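> Contents of coords-v1.cif (mmCIF, C-alpha atoms):
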data_start
#
loop_
_atom_site.label_atom_id
_atom_site.label_comp_id
_atom_site.auth_asym_id
_atom_site.auth_seq_id
_atom_site.Cartn_x
_atom_site.Cartn_y
_atom_site.Cartn_z
CA MET A 1 124.83 67.86 117.01
CA ALA A 2 124.50 64.90 114.62
CA ALA A 3 122.63 62.96 117.30
CA LEU A 4 120.26 65.92 117.76
CA PHE A 5 119.44 66.01 114.05
CA ARG A 6 118.94 62.24 113.95
CA GLY A 7 116.55 62.47 116.88
CA SER A 8 114.63 65.30 115.24
CA ARG A 9 114.40 63.32 112.00
CA ASN A 10 112.93 60.33 113.82
CA LEU A 11 110.32 62.54 115.47
CA LEU A 12 109.39 64.20 112.20
CA LEU A 13 108.97 60.89 110.37
CA ARG A 14 106.11 60.04 112.74
CA TRP A 15 104.04 62.76 111.05
CA ASN A 16 103.95 60.97 107.70
CA LYS A 17 100.22 60.22 107.97
CA PRO A 18 97.65 59.75 105.22
CA VAL A 19 95.51 62.76 104.35
CA ASP A 20 91.89 62.79 103.28
CA LEU A 21 92.32 63.96 99.68
CA ALA A 22 88.64 64.93 99.52
CA PHE A 23 89.34 67.78 101.91
CA VAL A 24 92.36 68.83 99.87
CA ALA A 25 90.32 68.91 96.67
CA SER A 26 87.43 70.84 98.22
CA ARG A 27 89.79 73.38 99.71
CA SER A 28 91.55 73.98 96.40
CA MET A 29 88.16 74.98 94.97
CA ALA A 30 87.33 77.28 97.90
CA SER A 31 89.62 80.11 96.74
CA LYS A 32 87.88 83.31 97.86
CA THR A 33 85.89 81.89 100.77
CA PRO A 34 86.41 83.66 104.13
CA VAL A 35 89.78 83.36 105.85
CA GLY A 36 90.11 83.63 109.61
CA PHE A 37 92.97 85.66 111.07
CA ILE A 38 93.85 85.69 114.77
CA GLY A 39 96.51 88.03 116.14
CA LEU A 40 96.57 91.57 114.73
CA GLY A 41 99.82 92.91 116.14
CA ASN A 42 102.72 94.51 114.30
CA MET A 43 103.05 91.51 111.99
CA GLY A 44 99.51 90.14 111.89
CA SER A 45 97.77 93.39 110.96
CA PRO A 46 99.66 94.03 107.69
CA MET A 47 99.42 90.35 106.80
CA ALA A 48 95.65 90.39 107.20
CA LYS A 49 95.46 93.62 105.16
CA ASN A 50 97.25 91.89 102.30
CA LEU A 51 94.65 89.12 102.33
CA LEU A 52 91.94 91.76 102.02
CA ARG A 53 93.82 93.43 99.16
CA ASN A 54 93.86 90.11 97.34
CA GLY A 55 90.09 89.77 97.60
CA TYR A 56 89.77 87.38 100.53
CA PRO A 57 87.03 88.13 103.05
CA VAL A 58 88.72 88.19 106.45
CA ILE A 59 87.18 87.23 109.79
CA ALA A 60 89.47 88.51 112.53
CA THR A 61 89.95 88.73 116.25
CA ASP A 62 92.61 89.88 118.69
CA VAL A 63 92.97 89.86 122.47
CA PHE A 64 93.09 93.67 122.24
CA PRO A 65 89.86 94.78 120.49
CA GLU A 66 91.34 98.16 119.55
CA SER A 67 93.79 96.32 117.29
CA CYS A 68 90.87 95.24 115.11
CA LYS A 69 89.49 98.68 114.30
CA GLU A 70 91.71 99.52 111.33
CA LEU A 71 91.11 96.13 109.74
CA GLN A 72 87.38 96.45 110.36
CA ASP A 73 87.38 99.82 108.60
CA LEU A 74 88.94 98.09 105.59
CA GLY A 75 86.10 95.59 105.43
CA ALA A 76 87.07 92.72 107.72
CA GLN A 77 84.49 91.09 109.96
CA VAL A 78 85.55 91.24 113.61
CA VAL A 79 84.41 88.66 116.17
CA ASP A 80 85.05 88.21 119.88
CA SER A 81 87.03 84.97 120.14
CA PRO A 82 89.08 82.39 118.25
CA ALA A 83 86.20 79.94 118.65
CA GLU A 84 83.91 82.32 116.74
CA VAL A 85 86.49 82.60 113.97
CA ALA A 86 86.52 78.79 113.73
CA GLU A 87 82.72 78.74 113.41
CA LYS A 88 82.81 81.04 110.39
CA ALA A 89 85.98 80.08 108.47
CA ASP A 90 87.54 76.83 107.31
CA ARG A 91 90.97 78.38 106.68
CA ILE A 92 92.53 80.15 109.66
CA LEU A 93 95.87 81.87 110.12
CA THR A 94 97.36 82.76 113.48
CA MET A 95 100.21 85.19 114.21
CA LEU A 96 100.90 85.26 117.94
CA PRO A 97 103.77 86.34 120.23
CA SER A 98 104.78 83.06 121.88
CA SER A 99 104.10 79.38 122.55
CA PRO A 100 101.74 80.01 125.50
CA ASN A 101 99.64 82.35 123.34
CA VAL A 102 99.39 79.71 120.63
CA ILE A 103 98.30 77.06 123.14
CA GLU A 104 95.64 79.40 124.55
CA VAL A 105 94.29 80.37 121.12
CA TYR A 106 94.09 76.77 119.87
CA VAL A 107 93.10 74.68 122.90
CA GLY A 108 91.99 77.27 125.49
CA PRO A 109 88.39 77.66 126.74
CA ASN A 110 87.50 79.89 123.78
CA GLY A 111 90.05 78.39 121.46
CA ILE A 112 89.84 77.44 117.81
CA LEU A 113 89.53 73.72 118.48
CA LYS A 114 86.39 74.23 120.57
CA LYS A 115 84.42 75.08 117.41
CA VAL A 116 86.64 74.00 114.53
CA LYS A 117 84.96 72.33 111.56
CA LYS A 118 86.18 69.05 110.16
CA GLY A 119 88.66 69.64 107.36
CA THR A 120 89.65 73.14 108.46
CA LEU A 121 93.16 74.21 107.48
CA LEU A 122 95.02 75.87 110.36
CA ILE A 123 98.23 77.78 109.59
CA ASP A 124 100.29 79.18 112.46
CA SER A 125 102.87 81.82 111.52
CA SER A 126 104.02 82.48 115.07
CA THR A 127 107.62 81.74 116.03
CA ILE A 128 107.28 79.04 118.68
CA ASP A 129 108.79 75.84 120.05
CA PRO A 130 108.63 73.09 117.37
CA THR A 131 107.33 70.73 120.06
CA VAL A 132 104.31 73.00 120.62
CA ALA A 133 103.64 73.02 116.88
CA LYS A 134 103.58 69.20 116.90
CA GLU A 135 101.26 69.16 119.93
CA MET A 136 98.84 71.52 118.18
CA ALA A 137 98.93 69.30 115.11
CA VAL A 138 97.95 66.28 117.22
CA ALA A 139 95.11 68.20 118.88
CA ALA A 140 93.86 69.50 115.51
CA GLU A 141 93.98 66.03 113.97
CA LYS A 142 91.76 64.69 116.76
CA MET A 143 89.15 67.27 115.72
CA GLY A 144 89.47 66.42 112.04
CA ALA A 145 91.44 69.58 111.18
CA VAL A 146 94.90 70.02 109.65
CA PHE A 147 97.59 72.11 111.35
CA MET A 148 100.66 73.55 109.59
CA ASP A 149 103.46 75.68 111.01
CA ALA A 150 104.57 78.56 108.76
CA PRO A 151 106.79 81.03 110.66
CA VAL A 152 108.08 84.04 108.76
CA SER A 153 111.25 85.97 108.12
CA GLY A 154 111.35 89.60 107.02
CA GLY A 155 109.94 91.77 109.78
CA VAL A 156 107.25 94.43 109.76
CA GLY A 157 108.49 96.13 106.60
CA ALA A 158 108.31 92.92 104.59
CA ALA A 159 104.90 92.14 106.08
CA SER A 160 103.55 95.49 104.88
CA LEU A 161 104.96 94.97 101.37
CA ALA A 162 103.89 91.31 101.14
CA LYS A 163 107.56 90.33 100.87
CA LEU A 164 107.77 87.86 103.75
CA THR A 165 109.45 84.47 103.53
CA PHE A 166 107.35 81.60 104.90
CA MET A 167 108.97 78.38 106.13
CA VAL A 168 106.22 75.77 106.01
CA GLY A 169 105.96 72.49 107.89
CA GLY A 170 103.06 70.07 107.53
CA VAL A 171 101.54 67.35 105.38
CA GLU A 172 102.75 67.86 101.83
CA GLU A 173 99.31 67.35 100.29
CA GLU A 174 98.10 70.47 102.08
CA TYR A 175 101.06 72.62 101.11
CA HIS A 176 99.51 73.99 97.91
CA ALA A 177 96.32 75.01 99.73
CA ALA A 178 98.44 76.89 102.26
CA GLN A 179 100.61 78.36 99.52
CA GLU A 180 97.57 79.99 97.89
CA LEU A 181 97.10 82.15 100.97
CA LEU A 182 100.73 82.64 101.92
CA THR A 183 101.71 84.01 98.52
CA CYS A 184 99.31 86.90 99.17
CA MET A 185 101.51 87.89 102.09
CA GLY A 186 104.98 86.79 101.06
CA ALA A 187 107.44 86.66 98.20
CA ASN A 188 108.86 83.26 99.15
CA VAL A 189 106.97 80.22 100.43
CA ILE A 190 109.26 77.30 101.16
CA TYR A 191 108.10 73.79 102.05
CA CYS A 192 110.45 72.43 104.73
CA GLY A 193 108.90 69.06 105.55
CA GLN A 194 106.56 67.64 108.15
CA VAL A 195 105.04 69.55 111.08
CA GLY A 196 107.69 71.32 113.14
CA THR A 197 110.26 71.71 110.37
CA GLY A 198 109.09 75.23 109.61
CA GLN A 199 109.80 76.21 113.20
CA ALA A 200 113.15 74.40 113.08
CA ALA A 201 114.12 76.38 109.97
CA LYS A 202 113.06 79.63 111.66
CA ILE A 203 115.16 78.85 114.74
CA CYS A 204 118.19 78.24 112.51
CA ASN A 205 117.46 81.51 110.69
CA ASN A 206 117.25 83.42 113.99
CA MET A 207 120.45 81.82 115.25
CA LEU A 208 122.33 82.84 112.11
CA LEU A 209 120.95 86.37 112.39
CA ALA A 210 122.01 86.58 116.05
CA ILE A 211 125.54 85.39 115.21
CA GLY A 212 125.78 88.02 112.48
CA MET A 213 124.57 90.74 114.85
CA ILE A 214 127.06 89.70 117.53
CA GLY A 215 129.88 89.65 114.99
CA THR A 216 128.92 93.09 113.68
CA ALA A 217 128.72 94.53 117.20
CA GLU A 218 132.10 93.10 118.20
CA THR A 219 133.69 94.35 114.97
CA MET A 220 132.32 97.86 115.51
CA ASN A 221 133.49 97.81 119.11
CA LEU A 222 136.97 96.79 118.00
CA GLY A 223 137.05 99.53 115.38
CA ILE A 224 135.91 102.15 117.86
CA ARG A 225 138.55 101.08 120.37
CA TYR A 226 141.38 101.27 117.88
CA PHE A 227 140.38 104.11 115.60
CA GLN A 228 138.03 106.51 117.35
CA GLN A 229 140.43 107.97 119.92
CA GLN A 230 140.11 111.48 121.27
CA HIS A 231 143.14 112.63 119.20
CA ARG A 232 143.36 111.31 115.66
CA ARG A 233 145.47 111.76 112.55
CA ARG A 234 144.11 111.54 109.02
CA LEU A 235 145.32 108.90 106.61
CA PRO A 236 144.66 108.58 102.86
CA ILE A 237 141.79 106.56 101.43
CA SER A 238 142.86 102.94 101.05
CA ALA A 239 141.30 99.55 100.53
CA GLY A 240 141.48 98.86 104.25
CA GLN A 241 139.85 102.18 105.07
CA THR A 242 137.11 101.46 102.56
CA ASN A 243 136.21 98.33 104.51
CA PHE A 244 135.69 100.42 107.64
CA ILE A 245 133.55 102.86 105.66
CA LYS A 246 131.37 99.93 104.59
CA ALA A 247 131.06 98.94 108.24
CA GLY A 248 129.75 102.40 109.09
CA ILE A 249 132.94 104.14 110.25
CA SER A 250 133.52 107.24 108.14
CA ALA A 251 136.83 108.10 106.49
CA SER A 252 137.36 111.03 108.87
CA ASP A 253 137.15 108.68 111.85
CA ILE A 254 140.21 106.65 110.85
CA LYS A 255 143.18 108.89 111.61
CA TYR A 256 146.09 106.56 112.34
CA THR A 257 148.96 105.83 109.97
CA THR A 258 151.76 103.38 110.47
CA ALA A 259 154.04 106.34 111.18
CA ALA A 260 151.67 107.64 113.82
CA ARG A 261 151.58 104.23 115.49
CA THR A 262 155.36 104.04 115.40
CA GLU A 263 156.08 107.49 116.84
CA LYS A 264 153.58 107.17 119.66
CA CYS A 265 154.48 103.68 120.87
CA PRO A 266 155.60 103.60 124.51
CA VAL A 267 159.33 103.79 125.17
CA ASN A 268 161.24 100.51 124.92
CA THR A 269 158.58 98.80 122.79
CA SER A 270 158.63 97.61 119.21
CA PRO A 271 158.14 100.36 116.62
CA HIS A 272 155.20 98.29 115.32
CA CYS A 273 153.28 98.16 118.59
CA TRP A 274 149.50 97.66 118.64
CA PRO A 275 147.04 99.00 119.68
CA PRO A 276 147.89 102.57 118.62
CA GLN A 277 148.37 105.12 121.35
CA PRO A 278 146.43 108.44 121.47
CA LEU A 279 148.20 111.31 119.74
CA ASP A 280 148.97 114.51 121.61
CA SER A 281 146.67 117.45 121.19
CA GLY A 282 148.91 119.17 118.62
CA ALA A 283 149.07 116.22 116.23
CA ALA A 284 145.54 116.35 114.81
#
Is it possible to express this structure as structure tokens?


Amino acid sequence: MAALFRGSRNLLLRWNKPVDLAFVASRSMASKTPVGFIGLGNMGSPMAKNLLRNGYPVIATDVFPESCKELQDLGAQVVDSPAEVAEKADRILTMLPSSPNVIEVYVGPNGILKKVKKGTLLIDSSTIDPTVAKEMAVAAEKMGAVFMDAPVSGGVGAASLAKLTFMVGGVEEEYHAAQELLTCMGANVIYCGQVGTGQAAKICNNMLLAIGMIGTAETMNLGIRYFQQQHRRRLPISAGQTNFIKAGISASDIKYTTAARTEKCPVNTSPHCWPPQPLDSGAA
């Protein structure tokens, strides 16, 4: 694991490249100029709406044109392709399902980089492979644009309420320009480091979430096995029972006492046997 982190650090250090501060300064003065938004799915649509609510003109597109209608009704300008978005906006956000979608939208035949203007700030909030984020940054740099990865945590509810957390990777000088837009859509905007570190942080976040979900599922399964038998006996409220209530098992579902476990253990076993045996039909 330590070797993996050392290797990642060496890769990330390669992105410490000088930035044209003239572009940074001009962008900080742009404020309410149009913002491009590509990808209007369950996450992208509420994010784009929050930009509109904060007074930013939005130029949007999606592979499914019907996804654009609601945003268009709210005042967004809808175009046919990512390349058209790049022609009209010098700050563009993307929220896409996967790495292949990001590659298509950025470097495909009608991609952003076909028409991108020099100095454009590109912010990708998709959850993708960090390697793909770095590749897009290289391709953008060749066209004179700046790419940052800014995946999110919080889900659809947080997107609707502008309560997302953004994990941002990219050149530090551009972070404040990105932050101006991201704070319209999120409650927390965290700078993680160079390009790819935002995606690395998101992967760690997802891994921790998955471990928590697995642990919760296994704990519930264990509780159901031991406590939700067909025949159950009530026991008084206790600290231990309260913990099961917190986990979602109600007080009425925990019906075993130590006495019940003892009297129903199989013959010739310890009086403290575990797991508890089902009680007979007359014991409930």

> Which value, in Å to one decimal, gives the distance between atom CA of Ile38 of chain A and atom CA of Ile59 of chain A?

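Atom-to-atom, atom CA of Ile38 of chain A to atom CA of Ile59 of chain A, that is 8.5 Å.
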
> Between atom CA of Val79 of chain A and atom CA of Ile128 of chain A, what distance in Å does the model show, to one decimal?

24.9 Å

> Excluding same-chain residues fewer than 2 positions from segment 104-110 of chain A, what lies within 7 Å of it counting all atoms listed in the file, as a PyMOL selection string?

chain A and resi 81-83+100-102+112-114

> So the first atom is atom CA of Asn188 of chain A and the second is atom CA of Ser99 of chain A; what is the distance between them in Å, to one decimal place?

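Calculated distance between atom CA of Asn188 of chain A and atom CA of Ser99 of chain A is 24.2 Å.
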
> What would the selection look like, as number ranges by chain, if the PyMOL selection byres ((chain A and resi 162) around 7) were run on the coordinates I just shared?

A: 50, 158-161, 163-164, 184-187

> Skip Gln77 of chain A itself and residues of its chain fewer than 2 positions away, then list as an NGL selection string all residues within 10 Å of it, counting only C-alpha atoms.

:A and (34 or 36 or 57-61 or 68 or 71-75 or 79 or 85)

> Report as a PyMOL selection string the residues that result from applying the PyMOL selection byres ((chain A and resi 137) around 8) to the structure here.

chain A and resi 133-136+138-141+146-148+195

> Just the selected residues (C-alpha atoms), exported as a compact mmCIF listing (two decimals), in the coordinates of the input, please.


# COMPACT_ATOMS: atom_id res chain seq x y z
CA ALA A 133 103.64 73.02 116.88
CA LYS A 134 103.58 69.20 116.90
CA GLU A 135 101.26 69.16 119.93
CA MET A 136 98.84 71.52 118.18
CA VAL A 138 97.95 66.28 117.22
CA ALA A 139 95.11 68.20 118.88
CA ALA A 140 93.86 69.50 115.51
CA GLU A 141 93.98 66.03 113.97
CA VAL A 146 94.90 70.02 109.65
CA PHE A 147 97.59 72.11 111.35
CA MET A 148 100.66 73.55 109.59
CA VAL A 195 105.04 69.55 111.08

> Would you translate the PyMOL selection byres ((chain A and resi 94-97) around 6) into the concrete set of residues it matches in this file, as a list in words?

Phe37, Ile38, Gly39, Gly44, Leu93, Ser98, Asp124, Ser125 and Ser126 of chain A
